[in-house]
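S.K.: The structure file query_16.txt (compact mmCIF, C-alpha atoms and all ligand atoms) is provided below.
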```
# COMPACT_ATOMS: atom_id res chain seq x y z
CA PRO A 7 0.00 0.00 0.00
CA GLN A 8 0.92 3.66 -0.34
CA THR A 9 2.89 5.15 2.57
CA LEU A 10 2.69 8.35 4.59
CA TYR A 11 6.27 9.22 5.55
CA VAL A 12 6.68 11.02 8.88
CA VAL A 13 9.95 12.85 8.36
CA ALA A 14 12.19 14.36 11.05
CA THR A 15 13.83 17.64 10.05
CA PRO A 16 16.75 19.64 11.55
CA ILE A 17 16.35 21.41 14.92
CA GLY A 18 18.98 23.99 13.97
CA ASN A 19 21.80 23.00 11.66
CA LEU A 20 20.22 22.33 8.26
CA ALA A 21 22.93 19.77 7.48
CA ASP A 22 21.25 17.46 9.99
CA LEU A 23 18.65 16.50 7.37
CA SER A 24 19.31 12.83 6.58
CA PHE A 25 19.83 11.44 3.07
CA HIS A 26 16.73 9.36 3.59
CA ALA A 27 14.70 12.46 4.53
CA LEU A 28 16.09 14.32 1.53
CA ALA A 29 15.17 11.47 -0.82
CA VAL A 30 11.61 11.22 0.53
CA LEU A 31 10.99 14.98 0.49
CA SER A 32 12.42 15.22 -3.04
CA ARG A 33 9.96 12.73 -4.46
CA ALA A 34 6.96 13.75 -2.34
CA ASP A 35 3.94 14.95 -4.32
CA LEU A 36 2.48 16.44 -1.17
CA ILE A 37 4.24 17.63 2.01
CA CYS A 38 2.14 18.28 5.11
CA ALA A 39 3.90 20.97 7.10
CA GLU A 40 3.14 22.77 10.36
CA ASP A 41 4.05 26.28 9.18
CA THR A 42 4.52 26.13 5.41
CA ARG A 43 6.87 29.15 5.48
CA VAL A 44 9.28 27.37 7.82
CA THR A 45 9.30 24.19 5.72
CA HIS A 46 9.54 26.22 2.51
CA GLN A 47 12.88 27.60 3.76
CA LEU A 48 14.21 24.11 4.45
CA LEU A 49 13.11 22.86 1.03
CA ARG A 50 14.58 25.88 -0.70
CA ALA A 51 17.94 25.27 1.00
CA TYR A 52 17.93 21.82 -0.62
CA GLY A 53 16.50 22.91 -3.97
CA ILE A 54 13.27 20.98 -3.45
CA SER A 55 10.01 22.41 -4.77
CA GLY A 56 7.35 20.21 -3.26
CA ARG A 57 3.66 20.98 -2.86
CA LEU A 58 3.11 22.16 0.72
CA ILE A 59 -0.07 22.16 2.76
CA SER A 60 -0.45 23.31 6.36
CA VAL A 61 -1.55 20.65 8.83
CA ARG A 62 -2.05 21.99 12.33
CA GLU A 63 -3.76 20.63 15.40
CA GLN A 64 -6.89 22.63 14.50
CA ASN A 65 -7.30 21.20 10.99
CA GLU A 66 -5.60 17.82 11.37
CA GLN A 67 -8.87 15.88 11.01
CA SER A 68 -10.04 17.60 7.83
CA MET A 69 -6.58 17.55 6.29
CA ALA A 70 -6.39 13.83 7.00
CA GLN A 71 -9.06 13.21 4.36
CA ARG A 72 -7.03 15.15 1.83
CA VAL A 73 -3.97 13.09 2.63
CA ILE A 74 -5.97 9.84 2.38
CA ASP A 75 -7.33 10.90 -1.02
CA ALA A 76 -3.82 11.69 -2.23
CA LEU A 77 -2.50 8.31 -1.03
CA ALA A 78 -5.46 6.56 -2.69
CA ALA A 79 -4.52 8.33 -5.94
CA GLY A 80 -1.01 6.86 -5.67
CA LYS A 81 0.73 10.03 -4.54
CA VAL A 82 3.80 10.13 -2.30
CA VAL A 83 2.95 12.03 0.88
CA ALA A 84 5.30 13.24 3.61
CA GLN A 85 4.64 14.93 6.90
CA VAL A 86 7.03 17.26 8.72
CA SER A 87 6.84 19.72 11.61
CA ASP A 88 8.70 23.03 11.93
CA ALA A 89 11.73 21.33 13.47
CA GLY A 90 12.65 17.94 14.84
CA THR A 91 10.48 14.84 14.96
CA PRO A 92 6.77 15.31 14.17
CA ALA A 93 4.20 14.44 16.87
CA ILE A 94 6.66 15.07 19.74
CA CYS A 95 4.98 18.16 21.24
CA ASP A 96 4.06 18.90 17.62
CA PRO A 97 1.11 18.11 15.36
CA GLY A 98 1.00 14.78 13.60
CA ALA A 99 -0.50 12.15 15.86
CA ARG A 100 -4.10 12.42 14.64
CA LEU A 101 -3.05 12.39 10.99
CA VAL A 102 -1.01 9.25 11.58
CA THR A 103 -3.96 7.47 13.21
CA ARG A 104 -6.46 8.45 10.52
CA VAL A 105 -4.15 7.43 7.69
CA ARG A 106 -3.42 4.07 9.30
CA GLU A 107 -7.13 3.48 9.93
CA ALA A 108 -7.74 4.13 6.24
CA GLY A 109 -5.50 1.16 5.47
CA PHE A 110 -2.28 2.91 4.47
CA THR A 111 1.22 2.38 5.86
CA VAL A 112 2.77 5.06 8.07
CA SER A 113 6.55 4.99 8.14
CA PRO A 114 8.93 7.19 10.14
CA VAL A 115 12.02 8.73 8.61
CA ALA A 116 13.93 9.08 11.87
CA GLY A 117 16.20 12.00 12.58
CA PRO A 118 16.77 14.99 14.85
CA SER A 119 14.80 15.57 18.02
CA ALA A 120 15.60 18.10 20.74
CA VAL A 121 14.75 15.41 23.32
CA MET A 122 17.39 12.93 22.18
CA ALA A 123 19.96 15.62 21.36
CA ALA A 124 19.81 17.04 24.90
CA LEU A 125 19.82 13.59 26.51
CA SER A 126 22.84 12.53 24.49
CA VAL A 127 24.99 15.23 26.11
CA ALA A 128 23.46 15.14 29.60
CA GLY A 129 25.74 12.38 30.88
CA VAL A 130 22.89 10.21 32.00
CA THR A 131 23.89 6.77 33.24
CA GLU A 132 20.36 5.47 33.61
CA SER A 133 18.93 3.39 30.82
CA ASP A 134 15.52 5.04 31.05
CA PHE A 135 14.18 8.59 31.03
CA TYR A 136 10.92 10.47 31.42
CA PHE A 137 9.87 12.99 28.78
CA ALA A 138 7.70 15.63 30.45
CA GLY A 139 6.97 17.82 27.41
CA PHE A 140 6.64 21.56 28.02
CA VAL A 141 6.82 22.83 31.60
CA PRO A 142 3.29 24.15 32.33
CA ALA A 143 2.78 27.87 31.75
CA LYS A 144 0.65 28.47 34.84
CA SER A 145 2.52 28.87 38.11
CA GLY A 146 0.31 26.58 40.23
CA GLU A 147 0.27 23.76 37.75
CA ARG A 148 3.99 24.19 37.20
CA GLN A 149 4.65 23.94 40.93
CA GLN A 150 2.68 20.70 41.09
CA ARG A 151 4.48 19.13 38.13
CA LEU A 152 7.92 20.25 39.38
CA LYS A 153 7.17 18.50 42.67
CA GLU A 154 6.10 15.35 40.86
CA TRP A 155 9.23 15.33 38.72
CA GLN A 156 11.33 15.70 41.88
CA LYS A 157 10.38 12.14 42.79
CA VAL A 158 11.00 10.55 39.40
CA VAL A 159 13.95 8.17 39.71
CA CYS A 160 15.21 8.56 36.15
CA PRO A 161 16.29 11.70 34.20
CA VAL A 162 13.39 14.04 33.36
CA VAL A 163 13.53 15.88 30.03
CA MET A 164 11.54 19.12 29.76
CA PHE A 165 10.97 21.75 27.10
CA GLU A 166 11.02 25.36 28.29
CA THR A 167 10.60 28.77 26.67
CA PRO A 168 12.82 31.87 27.14
CA HIS A 169 10.06 33.96 28.73
CA ARG A 170 9.30 31.39 31.43
CA ILE A 171 12.72 29.90 32.18
CA MET A 172 13.53 32.28 35.07
CA ASP A 173 10.21 31.57 36.81
CA THR A 174 10.73 27.84 36.40
CA LEU A 175 14.30 27.98 37.70
CA ALA A 176 13.15 30.07 40.68
CA GLN A 177 10.50 27.48 41.58
CA MET A 178 12.95 24.60 41.05
CA ALA A 179 15.58 26.33 43.18
CA VAL A 180 13.19 26.40 46.11
CA LEU A 181 12.23 22.74 45.71
CA TYR A 182 15.63 21.21 44.85
CA PRO A 183 18.45 23.77 44.60
CA LEU A 184 21.23 21.16 44.72
CA ARG A 185 19.83 18.79 42.12
CA SER A 186 22.05 18.29 39.05
CA MET A 187 20.67 19.50 35.75
CA LEU A 188 21.62 20.31 32.17
CA LEU A 189 20.27 23.30 30.30
CA ALA A 190 20.79 22.77 26.56
CA ARG A 191 20.17 25.94 24.59
CA GLU A 192 20.04 26.51 20.83
CA ILE A 193 21.30 23.00 20.06
CA SER A 194 23.23 22.90 16.77
CA LYS A 195 22.69 26.64 16.19
CA THR A 196 25.16 29.54 16.28
CA HIS A 197 24.67 30.35 19.95
CA GLU A 198 24.42 26.82 21.29
CA THR A 199 25.27 26.59 24.99
CA TYR A 200 25.23 23.79 27.55
CA ILE A 201 25.12 24.70 31.22
CA THR A 202 25.55 21.92 33.75
CA GLY A 203 25.57 21.97 37.52
CA THR A 204 23.06 22.40 40.27
CA VAL A 205 19.70 24.04 39.67
CA ALA A 206 20.91 26.96 41.82
CA HIS A 207 24.07 27.34 39.71
CA ILE A 208 22.13 27.37 36.44
CA GLN A 209 19.78 29.96 37.92
CA THR A 210 22.76 32.18 38.84
CA VAL A 211 24.30 31.85 35.37
CA LEU A 212 21.07 32.99 33.71
CA GLN A 213 20.60 35.79 36.25
CA THR A 214 24.03 37.20 35.48
CA ASP A 215 23.96 36.77 31.69
CA ALA A 216 20.72 37.74 29.94
CA ASN A 217 21.91 36.15 26.69
CA GLN A 218 21.61 32.74 28.32
CA LYS A 219 17.85 33.21 28.61
CA ARG A 220 17.35 33.48 24.85
CA GLY A 221 16.41 30.90 22.27
CA GLU A 222 15.12 27.36 22.44
CA MET A 223 15.91 25.23 25.45
CA VAL A 224 15.68 21.77 26.92
CA LEU A 225 16.23 20.86 30.57
CA VAL A 226 17.46 17.46 31.72
CA LEU A 227 16.92 17.02 35.45
CA HIS A 228 18.97 14.21 36.96
CA PRO A 229 17.36 12.02 39.62
CA ALA A 230 18.37 12.56 43.24
CA GLU A 231 21.48 10.57 44.14
CA VAL A 232 19.97 9.29 47.35
CA GLU A 233 17.02 7.80 45.52
CA LYS A 234 19.39 5.82 43.33
CA GLN A 235 21.13 4.04 46.22
CA VAL A 236 19.89 0.50 46.10
CA ASP A 237 21.33 -0.58 49.46
CA LEU A 238 18.90 1.54 51.50
CA SER A 239 16.57 -0.48 53.62
CA ALA A 240 12.88 -0.40 52.79
CA GLU A 241 12.25 1.32 56.12
CA ALA A 242 14.81 4.06 55.40
CA ILE A 243 13.22 4.68 52.01
CA ARG A 244 9.77 4.82 53.60
CA VAL A 245 10.92 7.35 56.23
CA MET A 246 12.64 9.43 53.59
CA GLN A 247 9.57 9.47 51.39
CA ILE A 248 7.50 10.75 54.32
CA LEU A 249 10.10 13.43 55.02
CA VAL A 250 10.23 14.47 51.38
CA GLN A 251 6.43 14.87 51.38
CA GLU A 252 6.70 17.17 54.39
CA LEU A 253 9.46 19.35 52.96
CA PRO A 254 8.29 22.66 51.47
N1 LIG A 301 9.18 17.87 17.77
C1 LIG A 301 10.33 18.67 18.17
C2 LIG A 301 11.54 17.74 18.36
O1 LIG A 301 11.41 16.54 18.17
O2 LIG A 301 12.62 18.24 18.65
C3 LIG A 301 10.01 19.51 19.38
C4 LIG A 301 8.94 20.51 19.12
S1 LIG A 301 8.53 21.57 20.44
C5 LIG A 301 7.18 22.48 19.78
C6 LIG A 301 9.78 22.82 20.40
C7 LIG A 301 10.65 22.81 21.65
O3 LIG A 301 11.72 21.90 21.46
C8 LIG A 301 11.31 24.14 21.94
O4 LIG A 301 10.48 25.00 22.69
C9 LIG A 301 12.52 23.72 22.74
O5 LIG A 301 12.16 23.44 24.08
C10 LIG A 301 12.89 22.41 22.04
N2 LIG A 301 13.87 22.65 20.96
C11 LIG A 301 13.65 22.60 19.64
N3 LIG A 301 14.79 22.88 18.96
C12 LIG A 301 15.74 23.12 19.89
C13 LIG A 301 17.11 23.48 19.84
N4 LIG A 301 17.74 23.65 18.67
N5 LIG A 301 17.77 23.66 21.00
C14 LIG A 301 17.15 23.49 22.19
N6 LIG A 301 15.86 23.16 22.29
C15 LIG A 301 15.15 22.97 21.16
```
In structure tokens, what does this structure look like?

M.R.:
Amino acid sequence: PQTLYVVATPIGNLADLSFHALAVLSRADLICAEDTRVTHQLLRAYGISGRLISVREQNEQSMAQRVIDALAAGKVVAQVSDAGTPAICDPGARLVTRVREAGFTVSPVAGPSAVMAALSVAGVTESDFYFAGFVPAKSGERQQRLKEWQKVVCPVVMFETPHRIMDTLAQMAVLYPLRSMLLAREISKTHETYITGTVAHIQTVLQTDANQKRGEMVLVLHPAEVEKQVDLSAEAIRVMQILVQELP
């Protein structure tokens, strides 16, 4: 059957587009993009002149029918988001489901994702991680989630925006100032920066250098060391969990 290709695109450096992605986008009759202007720039950089349509969360259902019709007519269809891997905090999931339900194959063309890029330089030794998506915008909800993530025993990967990062760091610094974290900023772009250390240290760095607050960012929060010690008795862990609940 015809295939919808879900294609990962660069998160910064345009050279991160894979040969496979280039081949698929080059022969696509129809490319479903998030913002067609953003994808147009990528295609232009590679000399590709594909037909672009905008598929956003709001019109994903109606656009799905158009994609299904195109596949039924034997067309090659690709889906991309503005940057990185589609459907990861980006549109794409509903389209994928509808197309598969209609009997077509959906195949990923794997490539860049800010999640994996940040994790790969975070120095995590655990074999698992928790992807938390965007840190909530509202202060109360954010506080609740930050507390939940405090207890997660594997690295927690979060997306954050420049205009909220200081508020988030301030709330984190109250909850767990000494917890190790990585702030990965502008990965693969001109001003890429990686700040590691305690939450309190990262907060100080951003307070003293406004440039460090700019651009796109990912946080990787390491789990608490004490929670990783396997030789603690069950009773000690129980007492500690009670104490942690009581801490502000
Ligand atoms: N689907 C995308 C992916 O797989 O990378 C993520 C889309 S999400 C809407 C965008 C968020 O990803 C940004 O707000 C930022 O947190 C993170 N991000 C994307 N590109 C980045 C980059 N070059 N450096 C750091 N973070 C990035």

S.K.: Ligand LIG 301 (chain A): which residues are within 6 Å, counting all atoms listed in the file, as a PDB file with C-alpha atoms, keeping the file's coordinate frame?

M.R.:
```pdb
ATOM      1  CA  ILE A  17      16.350  21.410  14.920  1.00  0.00           C
ATOM      2  CA  GLY A  18      18.980  23.990  13.970  1.00  0.00           C
ATOM      3  CA  ALA A  89      11.730  21.330  13.470  1.00  0.00           C
ATOM      4  CA  GLY A  90      12.650  17.940  14.840  1.00  0.00           C
ATOM      5  CA  THR A  91      10.480  14.840  14.960  1.00  0.00           C
ATOM      6  CA  PRO A  92       6.770  15.310  14.170  1.00  0.00           C
ATOM      7  CA  ILE A  94       6.660  15.070  19.740  1.00  0.00           C
ATOM      8  CA  CYS A  95       4.980  18.160  21.240  1.00  0.00           C
ATOM      9  CA  ASP A  96       4.060  18.900  17.620  1.00  0.00           C
ATOM     10  CA  SER A 119      14.800  15.570  18.020  1.00  0.00           C
ATOM     11  CA  ALA A 120      15.600  18.100  20.740  1.00  0.00           C
ATOM     12  CA  VAL A 121      14.750  15.410  23.320  1.00  0.00           C
ATOM     13  CA  PHE A 165      10.970  21.750  27.100  1.00  0.00           C
ATOM     14  CA  GLU A 166      11.020  25.360  28.290  1.00  0.00           C
ATOM     15  CA  THR A 167      10.600  28.770  26.670  1.00  0.00           C
ATOM     16  CA  ALA A 190      20.790  22.770  26.560  1.00  0.00           C
ATOM     17  CA  ARG A 191      20.170  25.940  24.590  1.00  0.00           C
ATOM     18  CA  GLU A 192      20.040  26.510  20.830  1.00  0.00           C
ATOM     19  CA  ILE A 193      21.300  23.000  20.060  1.00  0.00           C
ATOM     20  CA  SER A 194      23.230  22.900  16.770  1.00  0.00           C
ATOM     21  CA  GLU A 222      15.120  27.360  22.440  1.00  0.00           C
ATOM     22  CA  MET A 223      15.910  25.230  25.450  1.00  0.00           C
ATOM     23  CA  VAL A 224      15.680  21.770  26.920  1.00  0.00           C
TER      24      VAL A 224
END
```

S.K.: Find the residue from A:Val180, A:Ala93, A:Ala108, A:Ala230 that sits nearest to Trp155 in chain A; use only C-alpha atoms when measuring.

M.R.: A:Ala230

S.K.: Just the residues within 8 Å of Ser113 in chain A, please, counting all atoms listed in the file, with nothing from its chain fewer than 6 positions along; format it as a list of chain:residue names.

M.R.: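 Counting all atoms listed in the file, the residues come to A:Thr9, A:Leu10, A:Tyr11, A:Val12.
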
S.K.: Find the spatial neighbours of Asp35 in chain A, counting only C-alpha atoms, within a cut-off of 7 Å - ignore same-chain residues fewer than 6 positions away - and output them as a ChimeraX atom specification.

M.R.: /A:56-57,81-83

S.K.: State, in Å with one decimal place, the distance from CA of Glu132 in chain A to CA of Thr204 in chain A.

M.R.: 18.4 Å

S.K.: Quick one: pull the distance between CA of Lys219 in chain A and CA of Val130 in chain A, Å, one decimal.

M.R.: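 Computing the Euclidean distance for CA of Lys219 in chain A and CA of Val130 in chain A yields 23.8 Å.
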
S.K.: What gap, in Å, lies between CA of Ala14 in chain A and CA of Thr131 in chain A?

M.R.: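 It comes out at 26.2 Å.
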
S.K.: Using all atoms listed in the file, pick whichever of A:Arg220, A:Arg185, A:Arg43, A:Lys157 has the shortest atom-to-atom distance to His197 in chain A.

M.R.: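 Between A:Arg220, A:Arg185, A:Arg43, A:Lys157, the residue approaching His197 in chain A most closely is A:Arg220.
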